[in-house]
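Undergrad: The following file, input.cif, comprises mmCIF, C-alpha atoms and all ligand atoms:
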data_final
loop_
_atom_site.label_atom_id
_atom_site.label_comp_id
_atom_site.auth_asym_id
_atom_site.auth_seq_id
_atom_site.Cartn_x
_atom_site.Cartn_y
_atom_site.Cartn_z
CA MET P 1 0.00 0.00 0.00
CA GLY P 2 1.31 3.44 -0.93
CA LYS P 3 2.56 5.97 1.59
CA MET P 4 -0.01 8.49 0.46
CA THR P 5 -2.88 6.12 1.18
CA THR P 6 -1.54 5.24 4.64
CA HIS P 7 -1.31 8.93 5.35
CA GLN P 8 -4.91 9.52 4.37
CA LEU P 9 -6.07 6.57 6.45
CA TYR P 10 -4.15 7.90 9.44
CA ASP P 11 -5.71 11.36 9.17
CA SER P 12 -9.10 9.77 8.90
CA ALA P 13 -8.47 7.53 11.95
CA LEU P 14 -7.28 10.45 14.08
CA ASP P 15 -10.22 12.57 13.08
CA LEU P 16 -12.63 9.76 13.94
CA LEU P 17 -10.89 8.97 17.23
CA ARG P 18 -11.24 12.59 18.36
CA THR P 19 -14.93 12.58 17.50
CA LEU P 20 -15.48 9.31 19.39
CA ILE P 21 -13.79 10.82 22.47
CA ARG P 22 -15.94 13.95 22.18
CA ASN P 23 -19.09 11.84 21.89
CA ALA P 24 -18.44 10.83 25.52
CA CYS P 25 -20.44 7.59 25.57
CA VAL P 26 -19.94 7.16 29.31
CA ASN P 27 -21.21 3.88 30.66
CA ASP P 28 -21.92 4.12 34.40
CA PHE P 29 -23.44 0.60 34.37
CA THR P 30 -27.04 1.90 34.38
CA PRO P 31 -29.13 1.00 31.31
CA GLU P 32 -29.87 4.68 30.64
CA SER P 33 -26.17 5.61 30.41
CA GLY P 34 -23.77 5.04 27.51
CA ASN P 35 -25.79 6.63 24.72
CA GLU P 36 -23.65 4.80 22.19
CA GLN P 37 -26.26 5.90 19.66
CA ARG P 38 -24.19 9.10 19.28
CA THR P 39 -21.16 7.17 18.09
CA ALA P 40 -23.31 4.82 16.00
CA GLU P 41 -24.54 7.93 14.14
CA THR P 42 -21.00 9.26 13.73
CA LEU P 43 -19.95 5.93 12.24
CA ARG P 44 -22.99 5.67 9.99
CA ASP P 45 -22.14 9.10 8.56
CA PHE P 46 -18.52 8.03 8.19
CA PHE P 47 -19.49 5.02 6.06
CA ASN P 48 -22.25 6.81 4.14
CA ASP P 49 -19.65 9.35 3.11
CA ALA P 50 -17.80 6.73 1.04
CA PRO P 51 -17.73 7.00 -2.78
CA THR P 52 -20.73 5.26 -4.37
CA GLU P 53 -18.83 2.18 -5.60
CA VAL P 54 -17.47 1.65 -2.05
CA ARG P 55 -20.80 2.38 -0.37
CA GLU P 56 -22.43 -0.26 -2.55
CA ARG P 57 -20.22 -2.93 -1.04
CA LEU P 58 -21.09 -1.94 2.53
CA SER P 59 -24.12 -3.07 4.49
CA ILE P 60 -24.98 -1.42 7.77
CA GLU P 61 -27.21 -2.73 10.52
CA SER P 62 -28.23 -1.06 13.73
CA ILE P 63 -29.03 -3.16 16.81
CA GLU P 64 -30.61 -1.45 19.79
CA PRO P 65 -31.55 -3.74 22.71
CA SER P 66 -32.50 -0.70 24.79
CA PRO P 67 -33.08 2.95 23.82
CA GLY P 68 -29.79 4.68 22.99
CA ARG P 69 -27.69 1.53 23.42
CA THR P 70 -26.89 1.12 19.74
CA THR P 71 -24.44 -1.33 18.24
CA LEU P 72 -23.64 -0.79 14.58
CA VAL P 73 -22.61 -3.77 12.46
CA VAL P 74 -20.94 -2.83 9.17
CA THR P 75 -20.01 -5.50 6.64
CA ALA P 76 -17.75 -4.94 3.66
CA ALA P 77 -18.51 -7.50 0.96
CA PRO P 78 -15.57 -9.11 -0.85
CA ALA P 79 -14.92 -8.25 -4.48
CA ARG P 80 -15.88 -11.80 -5.41
CA ASP P 81 -17.66 -14.08 -2.97
CA GLU P 82 -15.58 -17.23 -2.44
CA GLY P 83 -17.59 -18.31 0.60
CA LEU P 84 -14.76 -17.53 3.05
CA SER P 85 -15.68 -16.69 6.62
CA PRO P 86 -15.46 -13.00 7.56
CA LEU P 87 -12.76 -11.24 9.52
CA THR P 88 -14.60 -9.50 12.36
CA PHE P 89 -13.49 -6.44 14.29
CA PHE P 90 -14.91 -5.99 17.79
CA GLY P 91 -14.60 -2.33 18.73
CA HIS P 92 -16.51 -1.08 21.72
CA THR P 93 -17.76 2.49 21.71
CA ASP P 94 -18.54 3.06 25.40
CA VAL P 95 -16.07 4.42 27.95
CA VAL P 96 -15.90 4.35 31.74
CA VAL P 97 -16.71 7.25 34.06
CA VAL P 98 -14.20 10.00 34.86
CA ASP P 99 -13.19 11.58 38.13
CA GLU P 100 -12.79 15.02 36.62
CA GLN P 101 -11.01 16.70 39.53
CA HIS P 102 -8.00 14.43 39.02
CA TRP P 103 -7.55 15.33 35.35
CA THR P 104 -5.16 18.05 34.26
CA GLN P 105 -6.60 17.94 30.71
CA PRO P 106 -10.25 18.16 29.70
CA CYS P 107 -11.73 14.65 29.80
CA PHE P 108 -13.68 14.75 26.53
CA ASP P 109 -12.08 17.42 24.30
CA ALA P 110 -9.51 15.16 22.62
CA VAL P 111 -6.78 17.73 23.16
CA ILE P 112 -3.51 16.95 21.38
CA GLU P 113 -0.30 17.88 23.17
CA ASP P 114 3.28 16.64 22.71
CA GLY P 115 2.28 13.89 20.30
CA LYS P 116 -0.47 12.52 22.54
CA VAL P 117 -4.23 12.72 22.40
CA TYR P 118 -5.96 13.03 25.77
CA GLY P 119 -9.42 11.90 26.67
CA ARG P 120 -11.51 9.18 28.24
CA GLY P 121 -11.42 6.13 25.99
CA ALA P 122 -8.35 7.24 23.99
CA VAL P 123 -6.64 3.96 24.93
CA ASP P 124 -9.63 1.87 26.10
CA MET P 125 -10.37 1.31 23.27
CA LEU P 126 -11.49 4.08 20.96
CA PHE P 127 -8.24 4.28 19.02
CA ILE P 128 -8.64 0.64 18.00
CA THR P 129 -12.34 1.16 17.23
CA ALA P 130 -11.44 4.13 15.00
CA VAL P 131 -8.85 1.99 13.21
CA HIS P 132 -11.45 -0.76 12.73
CA ALA P 133 -13.79 1.69 11.03
CA VAL P 134 -11.10 3.12 8.76
CA VAL P 135 -9.75 -0.29 7.75
CA THR P 136 -13.25 -1.63 7.05
CA LYS P 137 -14.00 1.27 4.73
CA TRP P 138 -10.60 0.96 3.07
CA ALA P 139 -11.09 -2.81 2.57
CA ALA P 140 -14.42 -2.16 0.84
CA SER P 141 -12.54 -0.11 -1.75
CA GLN P 142 -10.09 -2.90 -2.55
CA SER P 143 -10.69 -4.96 -5.67
CA HIS P 144 -8.77 -7.97 -4.28
CA LEU P 145 -10.66 -8.37 -1.00
CA ARG P 146 -11.42 -12.09 -0.66
CA ARG P 147 -13.24 -12.26 2.66
CA PRO P 148 -16.01 -10.13 4.08
CA ILE P 149 -14.73 -7.68 6.69
CA GLN P 150 -17.13 -7.06 9.50
CA PHE P 151 -16.92 -4.25 12.01
CA ALA P 152 -19.08 -4.48 15.13
CA ALA P 153 -19.10 -1.13 16.95
CA LEU P 154 -20.29 -2.54 20.23
CA ALA P 155 -22.21 -0.86 23.03
CA ASP P 156 -21.96 -1.67 26.72
CA GLU P 157 -18.65 -3.53 26.82
CA GLU P 158 -17.64 -1.92 30.10
CA ALA P 159 -20.69 -3.40 31.86
CA ARG P 160 -19.88 -6.89 30.52
CA GLY P 161 -21.80 -6.53 27.27
CA GLY P 162 -25.32 -7.17 28.57
CA LEU P 163 -26.69 -4.56 26.13
CA GLY P 164 -23.97 -5.16 23.55
CA ALA P 165 -22.01 -8.24 22.49
CA GLY P 166 -23.59 -10.41 25.19
CA TRP P 167 -27.09 -9.46 24.14
CA ILE P 168 -26.30 -10.06 20.47
CA ALA P 169 -24.67 -13.44 21.23
CA GLU P 170 -27.85 -14.45 23.01
CA ASN P 171 -30.60 -12.84 20.91
CA ARG P 172 -29.18 -12.10 17.48
CA PRO P 173 -26.28 -14.53 17.08
CA ASP P 174 -26.47 -14.40 13.29
CA ALA P 175 -25.91 -10.63 13.20
CA ILE P 176 -22.17 -11.08 13.73
CA SER P 177 -19.68 -13.65 12.51
CA TRP P 178 -17.88 -14.99 15.59
CA GLU P 179 -15.30 -17.09 13.75
CA ASN P 180 -12.23 -14.85 13.29
CA CYS P 181 -12.29 -11.91 15.65
CA LEU P 182 -9.92 -9.13 16.62
CA GLY P 183 -10.50 -6.70 19.48
CA GLU P 184 -8.88 -5.14 22.51
CA THR P 185 -6.17 -4.81 23.43
CA GLY P 186 -2.59 -6.17 23.13
CA GLY P 187 0.51 -4.79 21.43
CA GLY P 188 2.41 -3.83 24.58
CA HIS P 189 6.02 -4.91 24.95
CA ILE P 190 7.98 -6.93 27.46
CA VAL P 191 11.01 -4.77 28.09
CA ARG P 192 14.11 -5.73 30.04
CA ASP P 193 17.25 -3.64 30.47
CA GLY P 194 15.80 -1.13 28.06
CA VAL P 195 15.34 -3.66 25.27
CA SER P 196 11.91 -4.70 23.95
CA ARG P 197 12.02 -8.49 23.91
CA CYS P 198 8.45 -9.45 23.04
CA VAL P 199 5.25 -7.95 21.72
CA VAL P 200 2.05 -9.24 23.26
CA VAL P 201 -1.18 -10.64 21.79
CA ASN P 202 -4.13 -11.27 24.12
CA ALA P 203 -5.06 -14.83 23.23
CA GLY P 204 -7.27 -15.39 26.25
CA GLU P 205 -8.75 -13.90 29.34
CA LYS P 206 -9.66 -15.01 32.82
CA GLY P 207 -13.23 -15.78 33.75
CA ALA P 208 -15.60 -14.64 36.47
CA ALA P 209 -16.74 -16.59 39.53
CA GLN P 210 -18.49 -13.96 41.59
CA ARG P 211 -19.76 -15.25 44.90
CA ARG P 212 -21.82 -14.01 47.84
CA ILE P 213 -21.16 -15.97 51.00
CA HIS P 214 -24.00 -15.74 53.49
CA VAL P 215 -23.08 -16.08 57.13
CA THR P 216 -25.55 -16.78 59.90
CA GLY P 217 -25.20 -16.44 63.67
CA ASP P 218 -27.33 -15.94 66.77
CA PRO P 219 -29.71 -12.98 67.01
CA GLY P 220 -30.10 -11.19 70.33
CA HIS P 221 -29.62 -8.05 72.37
CA ALA P 222 -26.15 -6.58 72.10
CA SER P 223 -26.13 -5.79 75.83
CA ALA P 224 -25.74 -9.50 76.63
CA PRO P 225 -23.51 -11.06 73.96
CA TRP P 226 -21.94 -13.79 76.07
CA GLY P 227 -22.08 -17.27 74.59
CA THR P 228 -23.63 -16.21 71.28
CA THR P 229 -22.33 -17.20 67.85
CA MET P 230 -21.64 -13.76 66.47
CA THR P 231 -22.35 -13.21 62.79
CA THR P 232 -19.97 -10.26 62.62
CA GLY P 233 -17.12 -12.22 64.19
CA ILE P 234 -17.55 -15.15 61.79
CA LEU P 235 -17.95 -12.83 58.85
CA GLY P 236 -14.71 -11.05 59.73
CA GLU P 237 -12.84 -14.32 60.13
CA VAL P 238 -14.23 -15.80 56.89
CA THR P 239 -13.32 -12.60 55.04
CA MET P 240 -9.78 -12.70 56.44
CA ARG P 241 -9.30 -16.29 55.33
CA LEU P 242 -10.61 -15.59 51.83
CA ALA P 243 -8.61 -12.38 51.46
CA SER P 244 -5.42 -14.38 51.72
CA LEU P 245 -6.57 -17.08 49.27
CA SER P 246 -5.20 -17.28 45.73
CA ILE P 247 -5.00 -20.47 43.74
CA PRO P 248 -1.95 -21.10 41.50
CA SER P 249 -2.68 -22.20 37.95
CA ASP P 250 -0.84 -24.29 35.36
CA GLN P 251 -2.37 -22.38 32.46
CA PRO P 252 0.00 -23.11 29.55
CA LEU P 253 0.75 -19.47 28.64
CA TRP P 254 2.29 -18.75 32.06
CA GLU P 255 5.62 -20.46 31.37
CA PRO P 256 6.37 -18.55 28.13
CA PHE P 257 5.31 -15.34 29.88
CA VAL P 258 7.91 -15.87 32.61
CA GLN P 259 10.54 -16.90 30.06
CA ALA P 260 9.95 -13.70 28.10
CA PHE P 261 11.56 -11.69 30.89
CA GLY P 262 14.90 -13.53 30.70
CA PHE P 263 15.39 -13.93 34.44
CA ASP P 264 18.23 -16.00 35.87
CA PRO P 265 17.42 -19.74 35.74
CA GLU P 266 16.71 -20.03 39.46
CA THR P 267 14.22 -17.16 39.55
CA GLU P 268 12.60 -18.39 36.34
CA GLU P 269 12.12 -21.91 37.66
CA ALA P 270 10.71 -20.70 41.00
CA LEU P 271 8.18 -18.45 39.27
CA ILE P 272 7.08 -21.06 36.72
CA SER P 273 6.58 -23.76 39.35
CA HIS P 274 4.90 -21.39 41.84
CA GLY P 275 7.76 -22.11 44.23
CA THR P 276 7.81 -18.49 45.36
CA SER P 277 5.28 -15.89 46.39
CA ASP P 278 7.64 -13.06 45.45
CA TYR P 279 6.49 -11.46 42.19
CA SER P 280 8.72 -8.41 42.55
CA PRO P 281 11.08 -9.54 39.75
CA PHE P 282 8.30 -8.47 37.36
CA GLY P 283 8.61 -4.90 38.64
CA GLU P 284 5.65 -2.78 37.52
CA MET P 285 4.05 -6.00 36.20
CA SER P 286 4.12 -7.87 39.51
CA ARG P 287 0.40 -7.63 40.31
CA PHE P 288 -0.49 -8.49 36.74
CA ALA P 289 1.90 -11.46 36.73
CA HIS P 290 0.38 -12.78 39.94
CA ALA P 291 -3.14 -12.27 38.55
CA ILE P 292 -2.57 -14.18 35.30
CA SER P 293 -1.02 -17.13 37.12
CA HIS P 294 -3.63 -17.49 39.87
CA THR P 295 -7.33 -17.70 40.39
CA THR P 296 -7.56 -14.54 42.47
CA VAL P 297 -10.08 -13.96 45.26
CA ALA P 298 -10.88 -10.40 46.31
CA PRO P 299 -13.50 -9.74 49.02
CA THR P 300 -14.97 -6.41 47.88
CA VAL P 301 -18.23 -6.02 49.82
CA VAL P 302 -19.02 -6.92 53.45
CA ARG P 303 -22.42 -6.26 54.98
CA ALA P 304 -24.05 -7.07 58.32
CA GLY P 305 -25.96 -5.34 61.03
CA GLY P 306 -28.45 -2.51 61.46
CA PRO P 307 -29.20 -0.92 64.83
CA ILE P 308 -26.11 -0.74 67.03
CA ASN P 309 -27.77 -2.57 69.94
CA VAL P 310 -28.85 -5.65 67.94
CA LEU P 311 -26.71 -8.72 67.20
CA PRO P 312 -27.36 -9.37 63.51
CA SER P 313 -28.38 -12.92 62.66
CA SER P 314 -27.07 -12.75 59.11
CA GLY P 315 -24.59 -10.98 56.88
CA TYR P 316 -22.60 -11.60 53.75
CA VAL P 317 -19.32 -11.04 51.98
CA GLU P 318 -19.09 -10.64 48.20
CA LEU P 319 -16.06 -11.91 46.31
CA ASP P 320 -14.72 -10.86 42.95
CA ILE P 321 -13.07 -14.10 41.84
CA ARG P 322 -11.27 -14.45 38.50
CA PRO P 323 -10.66 -18.09 37.52
CA THR P 324 -7.77 -19.02 35.25
CA PRO P 325 -8.27 -21.34 32.25
CA GLY P 326 -9.07 -24.87 33.44
CA MET P 327 -10.64 -23.82 36.75
CA SER P 328 -14.34 -24.76 36.86
CA GLN P 329 -17.02 -23.10 38.98
CA ASP P 330 -17.23 -26.25 41.13
CA ASP P 331 -13.45 -26.16 41.64
CA VAL P 332 -13.79 -22.58 42.86
CA ASP P 333 -16.42 -23.54 45.47
CA GLU P 334 -14.25 -26.41 46.68
CA HIS P 335 -11.31 -24.08 47.24
CA LEU P 336 -13.55 -21.59 49.06
CA LEU P 337 -14.93 -24.24 51.39
CA GLU P 338 -11.46 -25.54 52.11
CA ALA P 339 -10.26 -22.04 53.02
CA ILE P 340 -13.30 -21.36 55.20
CA GLY P 341 -12.58 -24.61 57.03
CA GLU P 342 -14.60 -25.42 60.14
CA LEU P 343 -16.62 -22.21 59.79
CA ARG P 344 -18.37 -23.65 56.75
CA SER P 345 -21.33 -24.81 58.86
CA HIS P 346 -22.24 -21.11 59.31
CA CYS P 347 -21.85 -20.30 55.62
CA ARG P 348 -23.83 -20.72 52.41
CA ILE P 349 -22.28 -19.95 49.02
CA GLU P 350 -24.42 -18.13 46.45
CA ARG P 351 -23.17 -17.92 42.87
CA LEU P 352 -23.47 -14.56 41.11
CA ILE P 353 -21.94 -13.95 37.65
CA CYS P 354 -20.19 -17.11 36.46
CA GLU P 355 -18.15 -17.34 33.28
CA ASP P 356 -15.26 -19.68 32.69
CA ALA P 357 -11.97 -18.37 31.31
CA THR P 358 -11.55 -18.48 27.53
CA VAL P 359 -8.42 -18.99 25.43
CA SER P 360 -7.94 -19.16 21.67
CA SER P 361 -5.48 -21.49 20.01
CA THR P 362 -2.38 -19.92 18.53
CA GLU P 363 -2.52 -22.47 15.71
CA SER P 364 -5.09 -20.57 13.66
CA PRO P 365 -4.59 -18.83 10.30
CA LEU P 366 -5.62 -15.52 11.90
CA TYR P 367 -2.97 -15.87 14.60
CA HIS P 368 -0.37 -16.58 11.91
CA ALA P 369 -1.43 -13.42 10.08
CA ILE P 370 -0.83 -11.53 13.34
CA THR P 371 2.64 -13.00 13.92
CA GLU P 372 3.67 -12.25 10.32
CA THR P 373 2.47 -8.69 10.68
CA PHE P 374 4.29 -8.17 13.96
CA ALA P 375 7.44 -9.73 12.46
CA GLU P 376 7.38 -6.95 9.90
CA LEU P 377 6.69 -4.16 12.41
CA PHE P 378 9.01 -5.43 15.17
CA PRO P 379 11.59 -7.71 13.49
CA GLU P 380 13.73 -8.01 16.62
CA GLU P 381 10.93 -9.24 18.88
CA LYS P 382 9.10 -12.47 19.56
CA VAL P 383 5.32 -12.53 19.60
CA LEU P 384 4.00 -13.57 23.00
CA PRO P 385 0.41 -14.79 23.45
CA ILE P 386 -0.92 -14.13 26.94
CA VAL P 387 -4.03 -14.68 29.02
CA THR P 388 -5.05 -11.33 30.43
CA SER P 389 -6.51 -10.57 33.82
CA GLY P 390 -9.45 -8.45 32.65
CA GLY P 391 -12.39 -9.26 30.39
CA SER P 392 -13.36 -8.21 26.86
CA ASP P 393 -16.13 -8.87 24.34
CA LEU P 394 -13.86 -11.38 22.59
CA ARG P 395 -14.92 -14.00 25.11
CA PHE P 396 -18.31 -14.23 23.39
CA ALA P 397 -16.57 -15.19 20.14
CA ARG P 398 -14.46 -17.82 21.89
CA LYS P 399 -17.53 -19.27 23.61
CA LYS P 400 -19.17 -19.63 20.21
CA GLY P 401 -16.21 -21.64 18.99
CA GLY P 402 -14.43 -18.85 17.14
CA VAL P 403 -11.00 -17.41 17.80
CA GLY P 404 -10.58 -13.97 19.38
CA TYR P 405 -7.35 -12.03 19.80
CA GLY P 406 -6.68 -8.72 21.48
CA PHE P 407 -4.63 -6.93 18.87
CA ALA P 408 -3.12 -3.46 18.62
CA ALA P 409 0.42 -2.14 18.20
CA HIS P 410 2.37 0.18 20.46
CA ALA P 411 5.85 1.55 19.85
CA ALA P 412 8.80 -0.54 21.03
CA GLY P 413 9.68 0.34 24.59
CA ARG P 414 6.06 0.95 25.54
CA THR P 415 5.57 -1.78 28.13
CA LEU P 416 2.58 -3.92 28.81
CA GLY P 417 2.56 -2.12 32.18
CA ASP P 418 2.48 1.33 30.55
CA ILE P 419 -0.61 0.32 28.61
CA GLN P 420 -2.33 -1.37 31.54
CA ALA P 421 -1.72 1.83 33.53
CA GLN P 422 -3.72 3.88 31.00
CA LEU P 423 -6.87 1.77 31.27
CA HIS P 424 -9.55 3.68 33.20
CA ALA P 425 -6.83 6.12 34.39
CA HIS P 426 -6.91 9.87 35.04
CA ASP P 427 -5.45 11.84 32.10
CA GLU P 428 -5.86 8.80 29.84
CA HIS P 429 -3.81 9.43 26.70
CA LEU P 430 -2.64 7.73 23.56
CA HIS P 431 0.69 8.33 21.84
CA LEU P 432 -0.23 9.23 18.28
CA GLU P 433 2.55 7.02 16.90
CA ASP P 434 0.62 4.08 18.40
CA LEU P 435 -2.44 5.05 16.39
CA ASP P 436 -0.27 4.96 13.28
CA LEU P 437 1.27 1.61 14.23
CA THR P 438 -2.09 0.07 15.05
CA LEU P 439 -3.46 1.24 11.73
CA ARG P 440 -0.52 -0.34 9.90
CA ALA P 441 -0.91 -3.51 11.97
CA TYR P 442 -4.60 -3.84 11.05
CA VAL P 443 -3.91 -3.12 7.39
CA GLY P 444 -1.18 -5.79 7.50
CA VAL P 445 -3.40 -8.44 9.05
CA THR P 446 -6.27 -7.63 6.71
CA GLU P 447 -3.96 -7.91 3.69
CA ARG P 448 -2.64 -11.24 4.87
CA PHE P 449 -5.83 -12.82 6.15
CA ALA P 450 -8.39 -11.35 3.78
CA GLY P 451 -6.17 -11.20 0.71
CA VAL P 452 -6.54 -7.52 -0.03
ZN ZN B 1 -12.09 -1.76 26.69
#
Represent the structure contained in this file as structure tokens.
TA:
Amino acid sequence: MGKMTTHQLYDSALDLLRTLIRNACVNDFTPESGNEQRTAETLRDFFNDAPTEVRERLSIESIEPSPGRTTLVVTAAPARDEGLSPLTFFGHTDVVVVDEQHWTQPCFDAVIEDGKVYGRGAVDMLFITAVHAVVTKWAASQSHLRRPIQFAALADEEARGGLGAGWIAENRPDAISWENCLGETGGGHIVRDGVSRCVVVNAGEKGAAQRRIHVTGDPGHASAPWGTTMTTGILGEVTMRLASLSIPSDQPLWEPFVQAFGFDPETEEALISHGTSDYSPFGEMSRFAHAISHTTVAPTVVRAGGPINVLPSSGYVELDIRPTPGMSQDDVDEHLLEAIGELRSHCRIERLICEDATVSSTESPLYHAITETFAELFPEEKVLPIVTSGGSDLRFARKKGGVGYGFAAHAAGRTLGDIQAQLHAHDEHLHLEDLDLTLRAYVGVTERFAGV
């Protein structure tokens, strides 16, 4: 592809990214928030603006499970239909809330300063979404396109997709092709001694095993507590035990992750085999490294009691649990009961949101297209597939039997930790060179996988 064309695509992506930031589709987890309709309209205009012969190859569908919560699905038809399965881009359009007083830049003005664009969603994930739109439109203008390219501009990702990808997977599964999917995020680097050693692809993500543990004790007057089984005491003890619980995992992508850092053999072996609880060798990545190698258990809500003079007879603790690949919901409960020990007779486990971890094979043609593209952009680096600690809409594709990879490109030296630190952060900002790299990465994969 010519330099001139890349330049035009870049300008178009930056322009779109700034508009998406300004649209401020803030999802506060209530059904009335988000208003992704604004960005759906922006994108519809963007595609309608194409020259007639390009527009004719595009089909656009709007899906709105709830007023204002619009997902736009745009499909670019191949030049000649060979029956190949589409390449699908999952780009969410909602962003998380801001705490404005902690920002030094306006949150939604898309200000550009020192080669960076500031604004909520700049990194999570509007720059990728903007690239998806631009590449889809570009692909529709290519006479050699062999596969359909599909772009799903998804609402409600931040609230787990209940009015976006999750709703579509459940109610309109045929509206999207789930077979070959690219989404957030990926493209950070593993850097050691100032040298970028690996570039990361998100091949999988941990699951959810949210639990509420109900605790019961003796009711009574607080003026005479002697001899009672106190709900609050048990609840505190159970919470303490669970707060220190984390379950090591043998998920297969852990070993290559550790090896990517090039530690001395002793440290490497101890970390791989879970023979140490010291994750400090990972530096800024220590919490992340622990998270991707363990089913983590975080008590986040504890409730009991009302009037100060009454012994409460019940209470509960809620746990945000993130299972690694291979850990079932039953396994999770077994570990919880074991940790609670003899106090289990006072406890009842209630399951809240449950989703197993998902991982895509790295033996797929789409993954090969990614590694070839990265080899061109970062010839000195290995490509490292990882399981990430957070969730994304790609899990719906994996659950439907497709492959889903978090894919973007950041400049060498930009660490996985740098990128993680931008997610949901104050003064969220994207380096503009990363927009350019991500655009080139998506063009590269589309050329390789869809034969443009
Ligand atoms: Zn995101």
Undergrad: What does the list of residues within 9 Å of ligand ZN 1 (chain B) look like if you count only C-alpha atoms and all ligand atoms, written as a list of chain:residue names?
TA: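 Here is the list of contacting residues: P:Gly91, P:His92, P:Thr93, P:Asp94, P:Val95, P:Val96, P:Gly121, P:Val123, P:Asp124, P:Met125, P:Leu126, P:Glu157, P:Glu158, P:Gly183, P:Glu184, P:Thr185, P:Gly391, P:Ser392, P:Asp393, P:Leu423, P:His424.
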Undergrad: Would you please work out which residue, of P:Phe261, P:Ala412, P:Pro281, P:Thr295, is nearest to Pro379 in chain P when using all atoms listed in the file?
TA: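 Among the listed residues, P:Ala412 lies closest to Pro379 in chain P.
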Undergrad: Ranking P:Gly417, P:Pro51, P:Gly68, P:Pro148 by minimum distance to Leu84 in chain P and counting only C-alpha atoms, which one comes first?
TA: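 Under the stated criterion, the closest residue is P:Pro148.
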Undergrad: Go through P:Tyr405, P:Phe374, P:Trp226, P:Tyr118 and flag the residue nearest Ile386 in chain P, using only C-alpha atoms for the distances.
TA: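 Checking each candidate against Ile386 in chain P, we get P:Tyr405 as the closest.
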Undergrad: Which of these residues is nearest to Asp99 in chain P, using all atoms listed in the file: P:Leu435, P:Ala153, P:Val26, P:Ala79?
TA: P:Val26
Undergrad: Quick one: of P:Asp49, P:Glu64, P:Asp28, P:Glu338, who's nearest to Leu242 in chain P, counting all atoms listed in the file?
TA: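 Closest to Leu242 in chain P of all the choices is P:Glu338.
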Undergrad: Point out the residue among P:Gly164, P:Gln101, P:Glu41, P:Glu372 with the least atom-to-atom distance to Glu447 in chain P, counting all atoms listed in the file.
TA: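 Of P:Gly164, P:Gln101, P:Glu41, P:Glu372, the one nearest Glu447 in chain P, counting all atoms listed in the file, is P:Glu372.
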Undergrad: Kindly give the distance, in Å, that separates CA of Gly233 in chain P and CA of Val332 in chain P, rounded to a single decimal.
TA: 23.9 Å
Undergrad: Suppose you want the space between CA of Leu20 in chain P and CA of Thr39 in chain P; what is it in Å?
TA: 6.2 Å
Undergrad: Reconstruct N, CA and C atoms of range 396-407 of chain P from the incomplete input and present them as a PDB file, in the frame of the given file.
TA:
ATOM      1  N   PHE P 396     -17.081 -13.708  24.014  1.00  0.00           N
ATOM      2  CA  PHE P 396     -18.310 -14.230  23.390  1.00  0.00           C
ATOM      3  C   PHE P 396     -17.979 -14.989  22.106  1.00  0.00           C
ATOM      4  N   ALA P 397     -16.994 -14.496  21.365  1.00  0.00           N
ATOM      5  CA  ALA P 397     -16.570 -15.190  20.140  1.00  0.00           C
ATOM      6  C   ALA P 397     -15.964 -16.547  20.495  1.00  0.00           C
ATOM      7  N   ARG P 398     -15.107 -16.552  21.513  1.00  0.00           N
ATOM      8  CA  ARG P 398     -14.460 -17.820  21.890  1.00  0.00           C
ATOM      9  C   ARG P 398     -15.501 -18.830  22.370  1.00  0.00           C
ATOM     10  N   LYS P 399     -16.498 -18.344  23.114  1.00  0.00           N
ATOM     11  CA  LYS P 399     -17.530 -19.270  23.610  1.00  0.00           C
ATOM     12  C   LYS P 399     -18.347 -19.848  22.474  1.00  0.00           C
ATOM     13  N   LYS P 400     -18.424 -19.109  21.362  1.00  0.00           N
ATOM     14  CA  LYS P 400     -19.170 -19.630  20.210  1.00  0.00           C
ATOM     15  C   LYS P 400     -18.294 -20.468  19.304  1.00  0.00           C
ATOM     16  N   GLY P 401     -17.072 -20.750  19.760  1.00  0.00           N
ATOM     17  CA  GLY P 401     -16.210 -21.640  18.990  1.00  0.00           C
ATOM     18  C   GLY P 401     -15.280 -20.926  18.033  1.00  0.00           C
ATOM     19  N   GLY P 402     -15.346 -19.597  17.997  1.00  0.00           N
ATOM     20  CA  GLY P 402     -14.430 -18.850  17.140  1.00  0.00           C
ATOM     21  C   GLY P 402     -13.131 -18.552  17.859  1.00  0.00           C
ATOM     22  N   VAL P 403     -12.212 -17.884  17.145  1.00  0.00           N
ATOM     23  CA  VAL P 403     -11.000 -17.410  17.800  1.00  0.00           C
ATOM     24  C   VAL P 403     -11.125 -15.898  17.994  1.00  0.00           C
ATOM     25  N   GLY P 404     -10.555 -15.408  19.093  1.00  0.00           N
ATOM     26  CA  GLY P 404     -10.580 -13.970  19.380  1.00  0.00           C
ATOM     27  C   GLY P 404      -9.249 -13.541  19.946  1.00  0.00           C
ATOM     28  N   TYR P 405      -8.659 -12.525  19.338  1.00  0.00           N
ATOM     29  CA  TYR P 405      -7.350 -12.030  19.800  1.00  0.00           C
ATOM     30  C   TYR P 405      -7.417 -10.535  20.065  1.00  0.00           C
ATOM     31  N   GLY P 406      -6.867 -10.136  21.205  1.00  0.00           N
ATOM     32  CA  GLY P 406      -6.680  -8.720  21.480  1.00  0.00           C
ATOM     33  C   GLY P 406      -5.467  -8.252  20.720  1.00  0.00           C
ATOM     34  N   PHE P 407      -5.677  -7.284  19.825  1.00  0.00           N
ATOM     35  CA  PHE P 407      -4.630  -6.930  18.870  1.00  0.00           C
ATOM     36  C   PHE P 407      -4.577  -5.434  18.646  1.00  0.00           C
TER      37      PHE P 407
END
